[in-house]
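The next block is data-v4.txt, given as compact mmCIF, C-alpha atoms.
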```txt
# COMPACT_ATOMS: atom_id res chain seq x y z
CA MET A 1 -8.25 68.16 28.50
CA ILE A 2 -9.06 67.26 24.94
CA ILE A 3 -10.13 64.07 23.21
CA GLY A 4 -8.25 62.67 20.25
CA ARG A 5 -7.28 59.51 18.41
CA VAL A 6 -3.81 58.00 18.38
CA VAL A 7 -2.66 58.10 14.76
CA GLY A 8 1.06 57.41 14.98
CA SER A 9 4.27 57.52 16.93
CA VAL A 10 7.62 59.30 16.89
CA VAL A 11 11.13 57.87 17.24
CA ALA A 12 13.82 60.24 18.50
CA THR A 13 17.11 58.57 19.42
CA ARG A 14 18.85 61.81 20.29
CA LYS A 15 16.78 63.57 22.94
CA ASN A 16 16.76 65.34 26.28
CA GLU A 17 17.79 62.80 28.91
CA ASN A 18 14.67 63.39 31.01
CA LEU A 19 12.60 62.07 28.13
CA ILE A 20 14.32 58.65 28.02
CA GLY A 21 11.95 55.75 28.61
CA ASN A 22 8.83 57.53 27.39
CA LYS A 23 6.74 56.55 24.37
CA PHE A 24 5.80 59.46 22.07
CA LEU A 25 2.45 59.11 20.34
CA VAL A 26 0.86 61.37 17.75
CA VAL A 27 -2.71 62.35 18.64
CA GLU A 28 -5.22 63.87 16.23
CA PRO A 29 -7.97 65.70 18.13
CA VAL A 30 -11.50 64.55 17.26
CA GLU A 31 -13.54 67.10 15.33
CA LYS A 32 -15.16 68.92 18.25
CA PHE A 33 -11.79 69.41 19.91
CA ARG A 34 -9.88 70.33 16.76
CA ALA A 35 -9.32 73.91 17.79
CA ASN A 36 -6.61 74.71 15.36
CA ASN A 37 -6.20 71.70 13.09
CA SER A 38 -2.97 70.69 14.77
CA ASN A 39 -1.89 67.24 15.85
CA ILE A 40 -0.09 66.82 19.18
CA VAL A 41 2.87 64.68 20.25
CA ALA A 42 2.06 63.33 23.72
CA ILE A 43 3.79 60.91 26.03
CA ASP A 44 1.78 57.81 26.86
CA ASN A 45 0.87 57.48 30.53
CA VAL A 46 -1.77 54.71 30.23
CA GLY A 47 -0.62 52.18 27.65
CA ALA A 48 -2.55 53.57 24.68
CA GLY A 49 -2.35 52.06 21.20
CA ILE A 50 -2.81 53.23 17.63
CA GLY A 51 -6.46 53.91 16.87
CA GLU A 52 -7.60 54.33 20.45
CA THR A 53 -9.61 57.34 21.60
CA VAL A 54 -7.77 59.08 24.40
CA LEU A 55 -7.93 61.91 26.89
CA VAL A 56 -4.95 64.28 26.59
CA ALA A 57 -3.77 66.72 29.27
CA LEU A 58 -1.86 69.78 28.08
CA GLY A 59 0.63 72.15 29.67
CA SER A 60 2.22 71.78 33.10
CA ALA A 61 -0.51 69.27 34.00
CA ALA A 62 1.11 66.72 31.67
CA ARG A 63 4.51 67.03 33.30
CA VAL A 64 3.48 67.36 36.94
CA GLY A 65 0.51 65.00 36.76
CA CYS A 66 2.51 62.14 35.24
CA ASN A 67 5.27 62.29 37.83
CA LEU A 68 7.78 63.80 35.40
CA PRO A 69 8.22 67.24 36.98
CA GLN A 70 11.70 67.71 35.49
CA ALA A 71 10.96 66.48 31.96
CA PRO A 72 10.28 68.74 28.95
CA VAL A 73 6.81 67.28 28.44
CA ASP A 74 3.80 69.47 27.60
CA ALA A 75 1.22 66.84 26.59
CA ALA A 76 0.30 63.42 27.98
CA ILE A 77 -2.27 60.75 27.27
CA VAL A 78 -3.89 60.30 30.68
CA GLY A 79 -6.97 58.18 29.92
CA ILE A 80 -8.53 55.80 27.40
CA VAL A 81 -12.03 56.99 26.52
CA ASP A 82 -14.60 54.17 26.83
CA SER A 83 -17.77 56.10 26.17
CA GLY A 84 -19.45 59.42 26.74
CA THR A 85 -21.59 62.12 25.17
CA GLY A 86 -21.06 65.56 23.71
CA TRP A 87 -17.77 64.96 22.04
CA GLU A 88 -18.42 62.84 18.96
CA MET B 1 5.09 68.68 21.92
CA ILE B 2 5.07 69.56 18.28
CA ILE B 3 7.22 68.56 15.31
CA GLY B 4 8.93 71.12 13.13
CA ARG B 5 11.92 71.80 10.93
CA VAL B 6 14.80 74.08 11.87
CA VAL B 7 14.77 76.89 9.30
CA GLY B 8 17.06 79.51 10.80
CA SER B 9 18.63 81.09 13.83
CA VAL B 10 18.55 84.34 15.78
CA VAL B 11 21.42 86.49 17.06
CA ALA B 12 20.67 88.74 20.03
CA THR B 13 23.71 90.34 21.63
CA ARG B 14 21.72 92.32 24.15
CA LYS B 15 19.59 89.90 26.12
CA ASN B 16 18.41 88.73 29.53
CA GLU B 17 21.46 87.37 31.36
CA ASN B 18 19.81 84.00 32.03
CA LEU B 19 19.70 83.42 28.28
CA ILE B 20 23.47 83.73 27.79
CA GLY B 21 25.07 80.60 26.35
CA ASN B 22 21.96 79.32 24.60
CA LYS B 23 21.53 78.93 20.86
CA PHE B 24 18.25 80.29 19.47
CA LEU B 25 16.86 78.42 16.49
CA VAL B 26 13.81 79.22 14.38
CA VAL B 27 11.47 76.25 13.97
CA GLU B 28 8.70 75.99 11.37
CA PRO B 29 6.08 73.42 12.45
CA VAL B 30 5.44 70.69 9.85
CA GLU B 31 2.04 70.90 8.21
CA LYS B 32 0.05 68.70 10.61
CA PHE B 33 1.33 70.71 13.58
CA ARG B 34 0.96 74.13 11.99
CA ALA B 35 -1.84 75.20 14.28
CA ASN B 36 -1.63 78.86 13.58
CA ASN B 37 0.94 79.36 10.86
CA SER B 38 3.47 80.73 13.30
CA ASN B 39 7.14 79.92 13.54
CA ILE B 40 8.74 79.50 16.97
CA VAL B 41 12.08 80.61 18.41
CA ALA B 42 13.35 77.73 20.57
CA ILE B 43 16.56 77.15 22.47
CA ASP B 44 18.52 74.11 21.32
CA ASN B 45 18.85 71.40 23.93
CA VAL B 46 20.09 68.56 21.70
CA GLY B 47 22.54 69.97 19.14
CA ALA B 48 20.08 70.41 16.29
CA GLY B 49 21.07 71.86 12.92
CA ILE B 50 19.39 73.72 10.08
CA GLY B 51 17.06 71.43 8.13
CA GLU B 52 16.63 68.82 10.84
CA THR B 53 13.21 67.62 11.96
CA VAL B 54 12.83 68.20 15.68
CA LEU B 55 10.56 67.73 18.66
CA VAL B 56 9.74 71.01 20.41
CA ALA B 57 8.43 71.37 23.97
CA LEU B 58 6.43 74.50 24.76
CA GLY B 59 5.63 76.44 27.91
CA SER B 60 7.09 75.81 31.37
CA ALA B 61 8.21 72.36 30.17
CA ALA B 62 10.91 74.01 28.04
CA ARG B 63 12.34 75.97 30.92
CA VAL B 64 12.05 73.40 33.70
CA GLY B 65 12.80 70.36 31.55
CA CYS B 66 16.03 71.80 30.15
CA ASN B 67 17.44 72.70 33.54
CA LEU B 68 16.92 76.43 33.02
CA PRO B 69 14.27 77.09 35.66
CA GLN B 70 15.20 80.78 36.00
CA ALA B 71 15.55 81.60 32.30
CA PRO B 72 12.86 83.34 30.21
CA VAL B 73 12.54 80.37 27.85
CA ASP B 74 9.15 79.14 26.61
CA ALA B 75 10.22 76.74 23.82
CA ALA B 76 13.02 74.19 23.49
CA ILE B 77 14.16 71.64 20.94
CA VAL B 78 14.26 68.45 23.01
CA GLY B 79 14.68 65.72 20.40
CA ILE B 80 15.78 64.99 16.83
CA VAL B 81 13.06 63.04 15.02
CA ASP B 82 14.47 59.93 13.30
CA SER B 83 11.25 58.39 12.05
CA GLY B 84 7.63 57.85 12.92
CA THR B 85 4.10 57.83 11.57
CA GLY B 86 1.10 60.10 11.66
CA TRP B 87 2.88 63.37 11.42
CA GLU B 88 4.10 63.76 7.84
CA MET C 1 9.74 82.81 22.06
CA ILE C 2 8.49 84.95 19.25
CA ILE C 3 9.95 87.85 17.30
CA GLY C 4 8.18 91.16 16.98
CA ARG C 5 8.62 94.89 16.61
CA VAL C 6 8.00 97.43 19.33
CA VAL C 7 5.17 99.64 18.05
CA GLY C 8 4.04 101.53 21.13
CA SER C 9 3.72 101.74 24.87
CA VAL C 10 1.04 101.74 27.56
CA VAL C 11 0.57 104.04 30.53
CA ALA C 12 -1.40 102.66 33.47
CA THR C 13 -1.27 104.78 36.61
CA ARG C 14 -3.60 102.55 38.60
CA LYS C 15 -2.15 99.06 38.57
CA ASN C 16 -1.21 95.99 40.61
CA GLU C 17 1.58 97.04 42.97
CA ASN C 18 3.90 94.27 41.76
CA LEU C 19 3.92 95.92 38.35
CA ILE C 20 5.27 99.27 39.59
CA GLY C 21 8.57 100.26 38.02
CA ASN C 22 8.10 98.28 34.82
CA LYS C 23 7.81 99.73 31.33
CA PHE C 24 4.97 98.29 29.23
CA LEU C 25 5.64 98.09 25.52
CA VAL C 26 3.31 97.02 22.73
CA VAL C 27 4.85 94.42 20.43
CA GLU C 28 3.54 93.47 17.00
CA PRO C 29 4.79 90.01 15.98
CA VAL C 30 6.61 89.93 12.61
CA GLU C 31 4.70 88.14 9.87
CA LYS C 32 6.06 84.63 10.37
CA PHE C 33 5.24 84.76 14.08
CA ARG C 34 1.85 86.41 13.69
CA ALA C 35 -0.08 83.36 14.83
CA ASN C 36 -3.33 85.05 15.50
CA ASN C 37 -2.96 88.66 14.42
CA SER C 38 -2.75 89.87 17.99
CA ASN C 39 -0.36 92.40 19.46
CA ILE C 40 1.13 91.76 22.91
CA VAL C 41 1.81 94.04 25.88
CA ALA C 42 5.20 93.00 27.29
CA ILE C 43 7.37 94.38 30.06
CA ASP C 44 10.79 95.54 28.90
CA ASN C 45 13.69 93.57 30.38
CA VAL C 46 16.47 94.79 28.07
CA GLY C 47 15.99 98.50 27.38
CA ALA C 48 14.14 98.16 24.07
CA GLY C 49 12.89 101.15 22.12
CA ILE C 50 10.14 101.88 19.61
CA GLY C 51 10.89 100.29 16.23
CA GLU C 52 13.36 97.70 17.50
CA THR C 53 13.02 94.03 16.64
CA VAL C 54 12.81 92.01 19.82
CA LEU C 55 12.60 88.52 21.26
CA VAL C 56 9.53 88.04 23.48
CA ALA C 57 9.07 85.29 26.07
CA LEU C 58 5.51 84.31 26.93
CA GLY C 59 3.82 82.67 29.90
CA SER C 60 5.46 81.86 33.23
CA ALA C 61 8.87 82.24 31.55
CA ALA C 62 8.34 86.02 31.41
CA ARG C 63 7.59 86.31 35.10
CA VAL C 64 10.10 83.82 36.49
CA GLY C 65 12.86 84.52 33.98
CA CYS C 66 12.83 88.27 34.61
CA ASN C 67 13.09 87.95 38.38
CA LEU C 68 9.48 89.02 38.91
CA PRO C 69 8.04 85.77 40.28
CA GLN C 70 5.22 87.55 42.16
CA ALA C 71 4.19 89.97 39.43
CA PRO C 72 1.20 89.48 37.10
CA VAL C 73 3.40 89.48 34.01
CA ASP C 74 2.83 87.02 31.13
CA ALA C 75 5.08 88.52 28.43
CA ALA C 76 8.55 90.08 28.49
CA ILE C 77 11.01 91.48 25.96
CA VAL C 78 14.13 89.45 26.72
CA GLY C 79 16.42 90.23 23.77
CA ILE C 80 17.12 92.71 20.97
CA VAL C 81 17.41 90.85 17.67
CA ASP C 82 20.58 91.83 15.78
CA SER C 83 20.37 89.43 12.88
CA GLY C 84 19.35 85.92 11.93
CA THR C 85 17.62 83.81 9.32
CA GLY C 86 14.29 82.11 8.89
CA TRP C 87 12.15 84.71 10.51
CA GLU C 88 11.89 87.64 8.11
CA MET D 1 -11.84 81.96 32.68
CA ILE D 2 -14.40 81.23 30.04
CA ILE D 3 -18.12 80.58 30.08
CA GLY D 4 -19.64 77.49 28.51
CA ARG D 5 -22.47 75.00 28.70
CA VAL D 6 -22.14 71.43 29.88
CA VAL D 7 -23.05 69.25 26.90
CA GLY D 8 -21.86 65.80 27.88
CA SER D 9 -19.53 63.62 29.89
CA VAL D 10 -16.66 61.21 29.36
CA VAL D 11 -16.08 57.75 30.82
CA ALA D 12 -12.49 56.53 31.00
CA THR D 13 -11.96 53.38 33.04
CA ARG D 14 -8.26 53.17 32.35
CA LYS D 15 -6.68 56.45 33.44
CA ASN D 16 -3.89 58.15 35.37
CA GLU D 17 -4.37 57.25 39.03
CA ASN D 18 -4.42 60.90 40.13
CA LEU D 19 -7.59 61.37 38.09
CA ILE D 20 -9.57 58.71 39.96
CA GLY D 21 -12.69 60.05 41.66
CA ASN D 22 -13.17 63.00 39.33
CA LYS D 23 -16.12 63.53 37.01
CA PHE D 24 -15.19 64.58 33.45
CA LEU D 25 -17.66 66.86 31.75
CA VAL D 26 -17.65 68.16 28.19
CA VAL D 27 -18.09 71.94 28.00
CA GLU D 28 -18.99 73.88 24.86
CA PRO D 29 -17.98 77.53 25.19
CA VAL D 30 -20.81 80.00 24.60
CA GLU D 31 -20.50 82.01 21.41
CA LYS D 32 -18.56 85.00 22.74
CA PHE D 33 -15.98 82.69 24.31
CA ARG D 34 -15.72 80.28 21.40
CA ALA D 35 -12.19 81.29 20.50
CA ASN D 36 -11.36 78.33 18.37
CA ASN D 37 -14.51 76.27 18.06
CA SER D 38 -13.19 73.61 20.40
CA ASN D 39 -15.00 71.90 23.22
CA ILE D 40 -13.16 71.25 26.49
CA VAL D 41 -13.10 68.28 28.86
CA ALA D 42 -13.10 69.69 32.41
CA ILE D 43 -13.28 68.12 35.82
CA ASP D 44 -16.28 69.17 37.86
CA ASN D 45 -15.44 71.08 41.04
CA VAL D 46 -18.91 72.41 41.88
CA GLY D 47 -21.50 69.73 41.12
CA ALA D 48 -22.48 70.94 37.65
CA GLY D 49 -25.04 69.13 35.52
CA ILE D 50 -25.79 68.75 31.81
CA GLY D 51 -27.18 71.96 30.36
CA GLU D 52 -25.88 74.28 33.05
CA THR D 53 -23.90 77.41 32.22
CA VAL D 54 -20.55 77.26 33.94
CA LEU D 55 -17.31 79.13 34.58
CA VAL D 56 -14.25 77.15 33.48
CA ALA D 57 -10.67 77.77 34.64
CA LEU D 58 -7.89 76.67 32.29
CA GLY D 59 -4.24 75.74 32.73
CA SER D 60 -2.41 75.34 36.04
CA ALA D 61 -5.23 77.26 37.76
CA ALA D 62 -7.52 74.22 37.30
CA ARG D 63 -5.08 71.84 38.93
CA VAL D 64 -3.77 74.04 41.73
CA GLY D 65 -7.03 75.87 42.42
CA CYS D 66 -9.04 72.66 42.84
CA ASN D 67 -6.64 71.10 45.31
CA LEU D 68 -5.33 68.57 42.79
CA PRO D 69 -1.75 69.81 42.41
CA GLN D 70 -0.44 66.39 41.33
CA ALA D 71 -3.21 65.50 38.87
CA PRO D 72 -2.98 65.86 35.07
CA VAL D 73 -5.89 68.29 34.97
CA ASP D 74 -5.82 71.40 32.75
CA ALA D 75 -9.47 72.51 32.93
CA ALA D 76 -12.02 72.67 35.74
CA ILE D 77 -15.58 73.86 36.20
CA VAL D 78 -15.25 76.27 39.12
CA GLY D 79 -18.60 78.06 39.18
CA ILE D 80 -22.24 77.86 38.07
CA VAL D 81 -23.21 81.06 36.28
CA ASP D 82 -26.45 82.52 37.69
CA SER D 83 -26.60 85.74 35.73
CA GLY D 84 -24.49 88.51 34.31
CA THR D 85 -23.93 90.76 31.31
CA GLY D 86 -21.58 90.94 28.37
CA TRP D 87 -21.28 87.26 27.68
CA GLU D 88 -24.55 86.14 26.07
CA MET E 1 -0.74 91.01 28.72
CA ILE E 2 -3.54 92.17 26.51
CA ILE E 3 -5.70 95.28 26.41
CA GLY E 4 -9.47 95.10 26.50
CA ARG E 5 -12.63 96.87 27.58
CA VAL E 6 -14.83 95.80 30.46
CA VAL E 7 -18.20 94.93 28.93
CA GLY E 8 -20.00 93.07 31.69
CA SER E 9 -19.86 90.96 34.81
CA VAL E 10 -20.72 87.46 35.95
CA VAL E 11 -22.61 86.30 39.05
CA ALA E 12 -21.90 82.77 40.27
CA THR E 13 -23.33 81.95 43.69
CA ARG E 14 -22.13 78.36 43.67
CA LYS E 15 -18.39 78.40 43.10
CA ASN E 16 -15.00 77.09 44.20
CA GLU E 17 -14.39 78.43 47.72
CA ASN E 18 -11.06 80.00 46.77
CA LEU E 19 -12.94 82.31 44.41
CA ILE E 20 -15.16 83.81 47.11
CA GLY E 21 -14.76 87.57 47.48
CA ASN E 22 -13.61 88.20 43.92
CA LYS E 23 -15.46 90.24 41.31
CA PHE E 24 -15.69 88.58 37.88
CA LEU E 25 -15.69 90.96 34.95
CA VAL E 26 -16.13 90.22 31.26
CA VAL E 27 -13.41 91.77 29.11
CA GLU E 28 -13.57 92.17 25.34
CA PRO E 29 -10.09 92.56 23.85
CA VAL E 30 -9.63 95.69 21.73
CA GLU E 31 -9.22 95.01 18.02
CA LYS E 32 -5.43 94.70 17.86
CA PHE E 33 -5.47 92.19 20.71
CA ARG E 34 -8.48 90.21 19.51
CA ALA E 35 -6.49 87.11 18.66
CA ASN E 36 -9.34 84.72 18.47
CA ASN E 37 -12.52 86.74 18.87
CA SER E 38 -13.05 85.47 22.39
CA ASN E 39 -14.05 87.45 25.45
CA ILE E 40 -12.40 86.67 28.79
CA VAL E 41 -13.75 86.43 32.34
CA ALA E 42 -11.16 88.05 34.62
CA ILE E 43 -11.05 88.80 38.31
CA ASP E 44 -10.70 92.47 39.12
CA ASN E 45 -7.50 93.39 40.95
CA VAL E 46 -7.63 97.18 40.54
CA GLY E 47 -11.23 98.34 40.95
CA ALA E 48 -12.14 98.49 37.27
CA GLY E 49 -15.60 99.47 36.06
CA ILE E 50 -17.79 98.81 33.03
CA GLY E 51 -16.44 100.62 29.96
CA GLU E 52 -12.91 101.09 31.22
CA THR E 53 -9.89 100.07 29.15
CA VAL E 54 -7.81 97.61 31.11
CA LEU E 55 -4.63 95.56 31.09
CA VAL E 56 -5.29 91.84 31.55
CA ALA E 57 -2.73 89.24 32.66
CA LEU E 58 -3.34 85.65 31.59
CA GLY E 59 -2.29 82.25 32.89
CA SER E 60 -0.41 81.57 36.12
CA ALA E 61 0.56 85.27 36.24
CA ALA E 62 -3.04 86.15 37.13
CA ARG E 63 -3.18 83.76 40.05
CA VAL E 64 0.32 84.22 41.46
CA GLY E 65 0.60 87.93 40.69
CA CYS E 66 -2.65 88.81 42.45
CA ASN E 67 -1.80 86.97 45.65
CA LEU E 68 -4.28 84.17 44.96
CA PRO E 69 -1.85 81.27 44.46
CA GLN E 70 -4.44 78.65 45.46
CA ALA E 71 -7.40 80.01 43.50
CA PRO E 72 -8.59 78.68 40.12
CA VAL E 73 -8.00 82.02 38.41
CA ASP E 74 -6.42 82.24 34.93
CA ALA E 75 -7.08 85.91 34.07
CA ALA E 76 -6.92 89.14 36.07
CA ILE E 77 -7.38 92.84 35.39
CA VAL E 78 -4.10 94.28 36.67
CA GLY E 79 -4.13 97.85 35.37
CA ILE E 80 -6.37 100.66 34.09
CA VAL E 81 -5.00 101.98 30.81
CA ASP E 82 -4.70 105.79 30.85
CA SER E 83 -3.02 106.32 27.52
CA GLY E 84 -0.48 104.88 25.14
CA THR E 85 0.31 104.15 21.51
CA GLY E 86 0.27 101.16 19.21
CA TRP E 87 -2.78 99.46 20.54
CA GLU E 88 -5.80 101.46 19.36
```

Using the file provided, produce a representation of the structure as structure tokens.
Amino acid sequence: MIIGRVVGSVVATRKNENLIGNKFLVVEPVEKFRANNSNIVAIDNVGAGIGETVLVALGSAARVGCNLPQAPVDAAIVGIVDSGTGWE
Amino acid sequence: MIIGRVVGSVVATRKNENLIGNKFLVVEPVEKFRANNSNIVAIDNVGAGIGETVLVALGSAARVGCNLPQAPVDAAIVGIVDSGTGWE
Amino acid sequence: MIIGRVVGSVVATRKNENLIGNKFLVVEPVEKFRANNSNIVAIDNVGAGIGETVLVALGSAARVGCNLPQAPVDAAIVGIVDSGTGWE
Amino acid sequence: MIIGRVVGSVVATRKNENLIGNKFLVVEPVEKFRANNSNIVAIDNVGAGIGETVLVALGSAARVGCNLPQAPVDAAIVGIVDSGTGWE
Amino acid sequence: MIIGRVVGSVVATRKNENLIGNKFLVVEPVEKFRANNSNIVAIDNVGAGIGETVLVALGSAARVGCNLPQAPVDAAIVGIVDSGTGWE
């Protein structure tokens, strides 16, 4: 998983039907997790808001782990980071 | 998922039979999602056109989430981006 | 999927038994898909030859989509590119 | 798999319910495995501690191989490295 | 798949039980496959030795294709490269 900050959201009216009902947030990885300088669009599985520091799962883990096995989802916010060490 | 713009298309007459009937579009990630400067060939799941800004799912999510579990597909356009913040 | 050119092949007499019978080709991504300057060894699912421009599927899509679900294959040539735009 | 050192931990009170009970450690890949300069948040499957050198599995292997098939986990510490060659 | 050379091995006494019985080798990708300058720890599926040039499968292919579907394995040596073109 990586740690990032929620910096925005995406509205897509026309979309795959298995995506309906999900919120799409834009996450910017924090510096130590900024592997390739790319932001990520992730669905929100925990009620995250703009500016919060979050834990993001990537790949099939996002889809299967958020009970959306048939949805085209490859990234999900799965935790709100309260505190910790080694990542700031 | 990442956000990109449709910049072209690909014609492949000879191909894996599970790919038949799909449209192959070339997507250029927008700057904040341009992890590695690489374009992507994605199947079109939502009727996207050249120049549109789209949401692209990568990996097994593309295949499973677009009801093509047996096709060799690793990227799919799954939404047309109307608006949003944090990605432009 | 990415687009590349077939630039060589690999011979491996001693190999995992689920790989037997496959042809291993070396693909060099074309410039706009050259994310990380790395070539790829892909199995050939469409009868590709040296010098041809091909469509390559990566990850579980290669294995599952080429009817090799039990083989240790993570890349497959799944189409011969005839023409297109946005990738040259 | 990659080799890294445990450099910290993450506390996330609000999280996906399938993550409850797991310890989240921050791993910094050692130099020869530092592909993209990014740290990783991994669950701990072997009782690792801060400062230890560990083996980390990435992708679906982390989830399936640690008996958490339904959890949004994409990285797991699966071994404590005692010794070896070619990685320091 | 990528091509690399076996440059070392890893000893991990304390490890996930599904890894027991496997040999962990360190593979350094050859130059044309050195996407991100990172070595890889792979299990050995073909009896490879230090210095040999090998074919490495990554991701779920390593686990499923080597008959270790429940092990946290994301890379496996699946062939010994005898000869070929386009990769040296």

Result of fitting chain A to chain D over every paired C-alpha, as a short mmCIF file (atom, residue, chain, number, x, y, z; two decimals) with C-alpha atoms, keeping the file's coordinate frame:
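Generated output (selection_0.cif):
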```cif
data_model
loop_
_atom_site.label_atom_id
_atom_site.label_comp_id
_atom_site.auth_asym_id
_atom_site.auth_seq_id
_atom_site.Cartn_x
_atom_site.Cartn_y
_atom_site.Cartn_z
CA MET A 1 -11.84 81.97 32.69
CA ILE A 2 -14.39 81.23 30.03
CA ILE A 3 -18.12 80.58 30.07
CA GLY A 4 -19.62 77.49 28.51
CA ARG A 5 -22.47 75.00 28.69
CA VAL A 6 -22.14 71.42 29.87
CA VAL A 7 -23.06 69.25 26.89
CA GLY A 8 -21.86 65.80 27.89
CA SER A 9 -19.54 63.62 29.89
CA VAL A 10 -16.66 61.21 29.36
CA VAL A 11 -16.09 57.75 30.83
CA ALA A 12 -12.49 56.54 31.01
CA THR A 13 -11.98 53.38 33.06
CA ARG A 14 -8.27 53.17 32.35
CA LYS A 15 -6.69 56.45 33.44
CA ASN A 16 -3.91 58.13 35.36
CA GLU A 17 -4.37 57.25 39.03
CA ASN A 18 -4.42 60.89 40.12
CA LEU A 19 -7.58 61.36 38.10
CA ILE A 20 -9.58 58.69 39.97
CA GLY A 21 -12.69 60.04 41.67
CA ASN A 22 -13.16 62.99 39.33
CA LYS A 23 -16.12 63.54 37.01
CA PHE A 24 -15.19 64.57 33.45
CA LEU A 25 -17.67 66.87 31.74
CA VAL A 26 -17.66 68.17 28.19
CA VAL A 27 -18.09 71.94 28.00
CA GLU A 28 -19.00 73.88 24.86
CA PRO A 29 -17.98 77.54 25.19
CA VAL A 30 -20.82 80.01 24.60
CA GLU A 31 -20.50 82.02 21.40
CA LYS A 32 -18.56 85.00 22.74
CA PHE A 33 -15.98 82.71 24.32
CA ARG A 34 -15.72 80.29 21.41
CA ALA A 35 -12.20 81.29 20.51
CA ASN A 36 -11.37 78.35 18.38
CA ASN A 37 -14.52 76.27 18.05
CA SER A 38 -13.19 73.62 20.39
CA ASN A 39 -15.00 71.89 23.22
CA ILE A 40 -13.15 71.25 26.48
CA VAL A 41 -13.10 68.27 28.86
CA ALA A 42 -13.09 69.69 32.40
CA ILE A 43 -13.28 68.12 35.82
CA ASP A 44 -16.29 69.17 37.86
CA ASN A 45 -15.43 71.07 41.04
CA VAL A 46 -18.92 72.41 41.88
CA GLY A 47 -21.49 69.73 41.13
CA ALA A 48 -22.48 70.92 37.65
CA GLY A 49 -25.04 69.12 35.50
CA ILE A 50 -25.80 68.74 31.81
CA GLY A 51 -27.19 71.95 30.36
CA GLU A 52 -25.88 74.27 33.04
CA THR A 53 -23.90 77.41 32.23
CA VAL A 54 -20.54 77.25 33.94
CA LEU A 55 -17.33 79.13 34.58
CA VAL A 56 -14.25 77.16 33.47
CA ALA A 57 -10.67 77.78 34.64
CA LEU A 58 -7.89 76.69 32.30
CA GLY A 59 -4.24 75.76 32.74
CA SER A 60 -2.41 75.35 36.04
CA ALA A 61 -5.24 77.25 37.75
CA ALA A 62 -7.51 74.23 37.29
CA ARG A 63 -5.08 71.84 38.93
CA VAL A 64 -3.76 74.05 41.73
CA GLY A 65 -7.03 75.86 42.42
CA CYS A 66 -9.04 72.66 42.84
CA ASN A 67 -6.62 71.11 45.31
CA LEU A 68 -5.32 68.58 42.78
CA PRO A 69 -1.74 69.82 42.41
CA GLN A 70 -0.44 66.40 41.34
CA ALA A 71 -3.21 65.50 38.88
CA PRO A 72 -2.97 65.86 35.08
CA VAL A 73 -5.88 68.30 34.97
CA ASP A 74 -5.83 71.40 32.75
CA ALA A 75 -9.48 72.51 32.93
CA ALA A 76 -12.02 72.67 35.75
CA ILE A 77 -15.58 73.85 36.20
CA VAL A 78 -15.24 76.26 39.12
CA GLY A 79 -18.60 78.05 39.18
CA ILE A 80 -22.23 77.84 38.07
CA VAL A 81 -23.21 81.05 36.28
CA ASP A 82 -26.46 82.51 37.67
CA SER A 83 -26.60 85.74 35.73
CA GLY A 84 -24.48 88.50 34.30
CA THR A 85 -23.93 90.76 31.31
CA GLY A 86 -21.57 90.93 28.37
CA TRP A 87 -21.28 87.27 27.67
CA GLU A 88 -24.54 86.15 26.06
#
```

Sphere at (-4.1, 60.9, 32.9), radius 6 Å, counting only C-alpha atoms: residues as JSON, numbers by chain
{"A": [77, 78, 79], "D": [15, 16, 72]}

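A straight line drawn from CA of Ile50 in chain D to CA of Asn36 in chain A is 26.0 Å long.
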
Write out, as a tab-separated table, each residue of chain E that has an atom at most 7 Å from chain D, together with the closest pair of atoms and their distance in Å to one decimal, counting all atoms listed in the file, rows going by chain and rising number.
```
residue	atom	partner	partner_atom	distance
E:Val7	CA	D:Gly86	CA	5.3
E:Gly8	CA	D:Gly86	CA	4.2
E:Ser9	CA	D:Gly84	CA	5.3
E:Val10	CA	D:Gly84	CA	4.2
E:Val11	CA	D:Ser83	CA	5.2
E:Ala12	CA	D:Val81	CA	4.5
E:Thr13	CA	D:Asp82	CA	6.8
E:Arg14	CA	D:Ile80	CA	5.6
E:Lys15	CA	D:Gly79	CA	3.9
E:Asn16	CA	D:Val78	CA	5.2
E:Val26	CA	D:Gly86	CA	6.2
E:Asn36	CA	D:Ala35	CA	4.9
E:Asn37	CA	D:Ala35	CA	5.7
E:Ser38	CA	D:Phe33	CA	4.5
E:Asn39	CA	D:Phe33	CA	5.3
E:Ile40	CA	D:Ile2	CA	5.9
E:Val41	CA	D:Met1	CA	4.9
E:Ala42	CA	D:Met1	CA	6.4
E:Gly59	CA	D:Gly59	CA	6.8
E:Ser60	CA	D:Ser60	CA	6.5
E:Gln70	CA	D:Gly65	CA	4.9
E:Ala71	CA	D:Gly65	CA	4.3
E:Pro72	CA	D:Gly65	CA	4.0
E:Val73	CA	D:Ala61	CA	5.5
E:Asp74	CA	D:Ala61	CA	5.9
E:Ala75	CA	D:Met1	CA	6.3
```

What separates CA of Gly4 in chain C and CA of Gly21 in chain B is a distance of 22.0 Å

Write out as lines of an AutoDock Vina configuration file an axis-aligned box for range 63-71 of chain D: all of its atoms listed in the file, 6 Å added on each side, centre and edge lengths in Å with one decimal.
```
center_x = -4.7
center_y = 70.7
center_z = 42.1
size_x = 20.6
size_y = 22.4
size_z = 18.4
```

Rounded to one decimal, what separation in Å do you get between CA of Ile43 in chain E and CA of Asn18 in chain D?
28.7 Å
